[in-house]
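Novice: The structure that follows is given in the form of structure tokens.
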Amino acid sequence: VKLDNNQLSALEDGIFEGNSAPSRVTSLSLAGNPLLSVPLPTTIGNLAASLKELNLGGSPLSGNLPTELGELTNLEELFLGDTAFTGCLPTELLGLSSLQRLYVKAPLGCALPSAVGGLTSIRELVLSGSHLPGPLPAELGLLTSAQRIELGSTSLSGCLPEELGALTDLAYFQADDNSLSCAIPSEVGLMDALTVLKLDHNS
């Protein structure tokens with residue numbers, strides 16, 4: 001279902017409920033709807049049986065990300081770039097072991113939680129431009145399938161965790177324009193696939 005680049009302004013509360021829930025939808029895109037400044041209905045979890053791709057990028061959806069996103073156990077790709085979501089990345093969302101690509105650019109306001117280690121199938125984790133004040137959790141080192149991680153301009157502080165050395169498939173790591181301090185851990189030298197390391201403009 002593609003409803004991109006329209007002037008949608010509302011999502012009815014019952015849109016994903018009961019008989020109205022499209023049980024065979026594998027891909028849903030509401031991207032590029034500049035008037036869609038509303039919360040994402042919690043009933044999004046009713047699409048769990050089939051949904052593999054959800055794209056809300058470029059639509060100013062607001063409020064907290066619903067924990068019900070964690071019910072989308074078949075989800076492989078989630079795009080939340082240029083949205084207006086606030087609060088924290090839900091622990092339930094970060095427990096989706098099927099998720100391969102997660103793109104978020106939103107105000108948010110919480111540190112990246114240790115639950116991020118639950119994204120065991122993630123290949124691309126792109127959070128650049130989101131507000132994630134605080135340190136990087138050591139559990140980032142559990143994302144051993146990751147090939148690309150972007151954390152630029154996210155208000156990070158503290159040190160790079162030595163556990164990053166476990167990411168031997170990671171080719172691209174970006175954490176520029178933050179307040180990271182400390183020396184680069186020697187374990188970064190164990191990242192055999194790494195070709196791009198961007199840490200400019202830190203403390």
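Following the order of the structure tokens, first chain is A, next is B, and so on, with residues numbered from 1 inside each chain and ligands from 1 in the order they appear.
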Write out as number ranges by chain each polymer residue whose atoms come within 8 Å of Pro66 of chain A, counting only C-alpha atoms; drop sequence neighbours fewer than 6 positions from it.

Specialist: A: 40-42, 90

Novice: Mind checking which residues fall within 10 Å of Leu190 of chain A, counting only C-alpha atoms, ignoring those fewer than 6 positions away in the same chain, and posting them as a list in words?

Specialist: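 In the requested format, the answer is Leu164, Gly165, Ala166, Leu167 and Thr168 of chain A.
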
Novice: Next, write the just-selected residues to a file, as a PDB file, in the first residue's frame, keeping N, CA and C atoms as the atom set.

Specialist:
ATOM      1  N   LEU A 164      32.731  -2.447  20.293  1.00  0.00           N
ATOM      2  CA  LEU A 164      32.610  -2.249  18.845  1.00  0.00           C
ATOM      3  C   LEU A 164      33.552  -3.165  18.076  1.00  0.00           C
ATOM      4  N   GLY A 165      34.604  -3.598  18.718  1.00  0.00           N
ATOM      5  CA  GLY A 165      35.570  -4.475  18.057  1.00  0.00           C
ATOM      6  C   GLY A 165      34.978  -5.791  17.598  1.00  0.00           C
ATOM      7  N   ALA A 166      33.806  -6.143  18.130  1.00  0.00           N
ATOM      8  CA  ALA A 166      33.155  -7.396  17.730  1.00  0.00           C
ATOM      9  C   ALA A 166      32.428  -7.283  16.395  1.00  0.00           C
ATOM     10  N   LEU A 167      32.314  -6.070  15.867  1.00  0.00           N
ATOM     11  CA  LEU A 167      31.553  -5.848  14.633  1.00  0.00           C
ATOM     12  C   LEU A 167      32.463  -6.045  13.427  1.00  0.00           C
ATOM     13  N   THR A 168      32.807  -7.269  13.167  1.00  0.00           N
ATOM     14  CA  THR A 168      33.795  -7.581  12.138  1.00  0.00           C
ATOM     15  C   THR A 168      33.241  -7.495  10.721  1.00  0.00           C
TER      16      THR A 168
END

Novice: Mind dumping a table of every segment 23-67 of chain A residue within 10 Å of segment 108-130 of chain A, with the nearest atom pair and its distance in Å to one decimal, using only C-alpha atoms, sorted by chain and rising number, as CSV?

Specialist:
residue,atom,partner,partner_atom,distance
A:Ser62,CA,A:Leu108,CA,9.9
A:Gly63,CA,A:Leu108,CA,9.2
A:Asn64,CA,A:Leu108,CA,8.1
A:Leu65,CA,A:Leu108,CA,9.1

Novice: Please provide the set of residues having any atom within 10 Å of Leu47 of chain A, restricted to only C-alpha atoms, with same-chain residues fewer than 5 positions apart removed, written as number ranges by chain.

Specialist: A: 16-17, 21-26, 28, 52, 69, 71-75

Novice: Please, which residues of chain A, numbered as in this document, come out strand (DSSP E or B) from DSSP, as a PyMOL selection string?

Specialist: chain A and resi 2+27-29+39+53-55+62-64+77-80+84-87+101-104+108-109+124-126+134+148-150+156-158+172-174+179-180+196-198

Novice: So that I have them on file, write out the residues from the current selection with N, CA and C atoms, as a compact mmCIF listing (two decimals), in the first residue's frame.

Specialist:
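Listed below is the output, again.txt:
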# COMPACT_ATOMS: atom_id res chain seq x y z
N LYS A 2 0.79 2.06 -1.03
CA LYS A 2 1.61 3.26 -1.14
C LYS A 2 0.72 4.49 -1.21
N SER A 27 3.84 -4.28 2.68
CA SER A 27 4.54 -3.01 2.64
C SER A 27 3.53 -1.87 2.77
N LEU A 28 3.83 -0.93 3.68
CA LEU A 28 2.96 0.22 3.89
C LEU A 28 3.81 1.48 3.89
N SER A 29 3.49 2.42 3.01
CA SER A 29 4.23 3.67 2.94
C SER A 29 3.29 4.86 3.01
N PRO A 39 -0.17 11.49 15.94
CA PRO A 39 0.50 10.29 16.47
C PRO A 39 0.24 9.07 15.57
N GLU A 53 7.70 -4.11 5.57
CA GLU A 53 8.30 -2.79 5.34
C GLU A 53 7.32 -1.71 5.73
N LEU A 54 7.79 -0.75 6.55
CA LEU A 54 6.96 0.39 6.96
C LEU A 54 7.77 1.65 6.74
N ASN A 55 7.24 2.56 5.91
CA ASN A 55 7.94 3.80 5.57
C ASN A 55 7.05 4.99 5.94
N SER A 62 3.94 12.62 15.05
CA SER A 62 4.42 13.18 16.31
C SER A 62 4.09 12.25 17.49
N GLY A 63 4.47 12.71 18.68
CA GLY A 63 4.23 11.92 19.88
C GLY A 63 5.27 10.82 20.05
N ASN A 64 5.04 9.97 21.01
CA ASN A 64 5.96 8.86 21.25
C ASN A 64 5.76 7.76 20.22
N GLU A 77 12.19 -3.79 7.43
CA GLU A 77 12.66 -2.44 7.13
C GLU A 77 11.70 -1.42 7.74
N LEU A 78 12.28 -0.46 8.49
CA LEU A 78 11.49 0.60 9.11
C LEU A 78 12.16 1.93 8.85
N PHE A 79 11.44 2.83 8.17
CA PHE A 79 11.97 4.14 7.79
C PHE A 79 11.19 5.24 8.51
N LEU A 80 11.88 5.96 9.39
CA LEU A 80 11.27 7.04 10.17
C LEU A 80 12.08 8.32 10.03
N ALA A 84 8.62 13.66 13.42
CA ALA A 84 8.63 14.52 14.60
C ALA A 84 8.42 13.73 15.89
N PHE A 85 8.73 12.44 15.86
CA PHE A 85 8.56 11.62 17.04
C PHE A 85 9.47 12.09 18.18
N THR A 86 8.95 12.02 19.40
CA THR A 86 9.71 12.40 20.59
C THR A 86 9.76 11.21 21.55
N GLY A 87 10.52 11.38 22.63
CA GLY A 87 10.61 10.31 23.61
C GLY A 87 11.74 9.35 23.30
N ARG A 101 16.89 -3.18 8.51
CA ARG A 101 17.21 -1.78 8.24
C ARG A 101 16.32 -0.89 9.11
N LEU A 102 16.96 -0.02 9.89
CA LEU A 102 16.23 0.92 10.73
C LEU A 102 16.81 2.31 10.49
N TYR A 103 15.96 3.20 9.99
CA TYR A 103 16.34 4.60 9.71
C TYR A 103 15.45 5.50 10.55
N VAL A 104 16.06 6.30 11.41
CA VAL A 104 15.31 7.23 12.25
C VAL A 104 16.01 8.59 12.24
N LEU A 108 13.26 12.87 19.21
CA LEU A 108 13.40 11.89 20.30
C LEU A 108 13.74 12.61 21.61
N GLY A 109 14.90 12.30 22.23
CA GLY A 109 15.24 12.97 23.48
C GLY A 109 15.80 12.05 24.53
N GLU A 124 21.72 -2.28 8.58
CA GLU A 124 21.91 -0.83 8.49
C GLU A 124 21.13 -0.16 9.63
N LEU A 125 21.87 0.52 10.50
CA LEU A 125 21.28 1.28 11.60
C LEU A 125 21.66 2.74 11.39
N VAL A 126 20.69 3.53 10.96
CA VAL A 126 20.94 4.92 10.61
C VAL A 126 20.09 5.82 11.51
N GLY A 134 23.62 11.25 25.47
CA GLY A 134 24.15 10.26 26.39
C GLY A 134 25.17 9.37 25.71
N ARG A 148 26.55 -1.18 8.35
CA ARG A 148 26.57 0.28 8.32
C ARG A 148 25.88 0.81 9.58
N ILE A 149 26.57 1.70 10.30
CA ILE A 149 25.98 2.37 11.46
C ILE A 149 26.28 3.86 11.34
N GLU A 150 25.22 4.67 11.35
CA GLU A 150 25.37 6.12 11.26
C GLU A 150 24.75 6.78 12.49
N LEU A 156 25.64 12.51 21.13
CA LEU A 156 26.32 11.47 21.90
C LEU A 156 27.41 12.09 22.77
N SER A 157 27.69 11.44 23.90
CA SER A 157 28.78 11.85 24.78
C SER A 157 29.46 10.60 25.32
N GLY A 158 30.54 10.81 26.08
CA GLY A 158 31.24 9.67 26.65
C GLY A 158 32.23 9.06 25.68
N TYR A 172 31.08 0.64 7.56
CA TYR A 172 30.91 2.10 7.66
C TYR A 172 30.42 2.44 9.05
N PHE A 173 31.20 3.27 9.76
CA PHE A 173 30.79 3.73 11.08
C PHE A 173 30.96 5.24 11.16
N GLN A 174 29.88 5.92 11.45
CA GLN A 174 29.86 7.38 11.49
C GLN A 174 29.31 7.84 12.84
N SER A 179 29.69 14.84 21.01
CA SER A 179 30.56 15.24 22.12
C SER A 179 31.28 14.04 22.69
N LEU A 180 31.67 13.12 21.82
CA LEU A 180 32.43 11.95 22.26
C LEU A 180 33.81 12.38 22.73
N VAL A 196 35.30 2.93 6.31
CA VAL A 196 35.03 4.34 6.61
C VAL A 196 34.76 4.48 8.11
N LEU A 197 35.56 5.34 8.74
CA LEU A 197 35.38 5.66 10.15
C LEU A 197 35.35 7.18 10.28
N LYS A 198 34.17 7.73 10.61
CA LYS A 198 34.01 9.19 10.68
C LYS A 198 33.74 9.60 12.12

Novice: Any idea what the distance is between atom CA of Leu142 of chain A and atom CA of Ile44 of chain A?

Specialist: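 Taking atom CA of Leu142 of chain A as the start and atom CA of Ile44 of chain A as the end point, the length is 27.8 Å.
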
Novice: Can you list, as a list in words, every protein, DNA or RNA residue that comes within 9 Å of Leu35 of chain A when you count only C-alpha atoms, leaving out same-chain residues fewer than 5 positions away?

Specialist: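 Selected residues are Asn6, Gln7, Leu8, Ser9, Ala10, Ser59, Pro60 and Leu61 of chain A.
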
Novice: Could you save those same residues with C-alpha atoms as a PDB file, in the first residue's frame?

Specialist:
ATOM      1  CA  ASN A   6      -0.089  13.286  -0.728  1.00  0.00           C
ATOM      2  CA  GLN A   7      -1.795  15.763   1.597  1.00  0.00           C
ATOM      3  CA  LEU A   8      -3.096  13.275   4.149  1.00  0.00           C
ATOM      4  CA  SER A   9      -3.812  14.996   7.451  1.00  0.00           C
ATOM      5  CA  ALA A  10      -5.233  12.307   9.740  1.00  0.00           C
ATOM      6  CA  SER A  59       5.746  12.844   7.295  1.00  0.00           C
ATOM      7  CA  PRO A  60       5.767  14.841  10.568  1.00  0.00           C
ATOM      8  CA  LEU A  61       4.119  12.148  12.681  1.00  0.00           C
TER       9      LEU A  61
END

Novice: Skipping near chain neighbours, those fewer than 6 positions away, what residues fall within 9 Å of Leu160 of chain A using only C-alpha atoms, listed as a VMD selection string?

Specialist: chain A and resid 135 to 138 180 to 185

Novice: Counting only C-alpha atoms, figure out which residue out of A:Leu89, A:Leu96, A:Val1, A:Ala106 gets nearest to Gly58 of chain A.

Specialist: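 Smallest separation from Gly58 of chain A among the options: A:Ala106.
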
Novice: Smallest atom-to-atom distance to Glu187 of chain A: which of A:Leu30, A:Leu140, A:Ala146, A:Glu163, using only C-alpha atoms?

Specialist: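 Among the listed residues, A:Glu163 lies closest to Glu187 of chain A.
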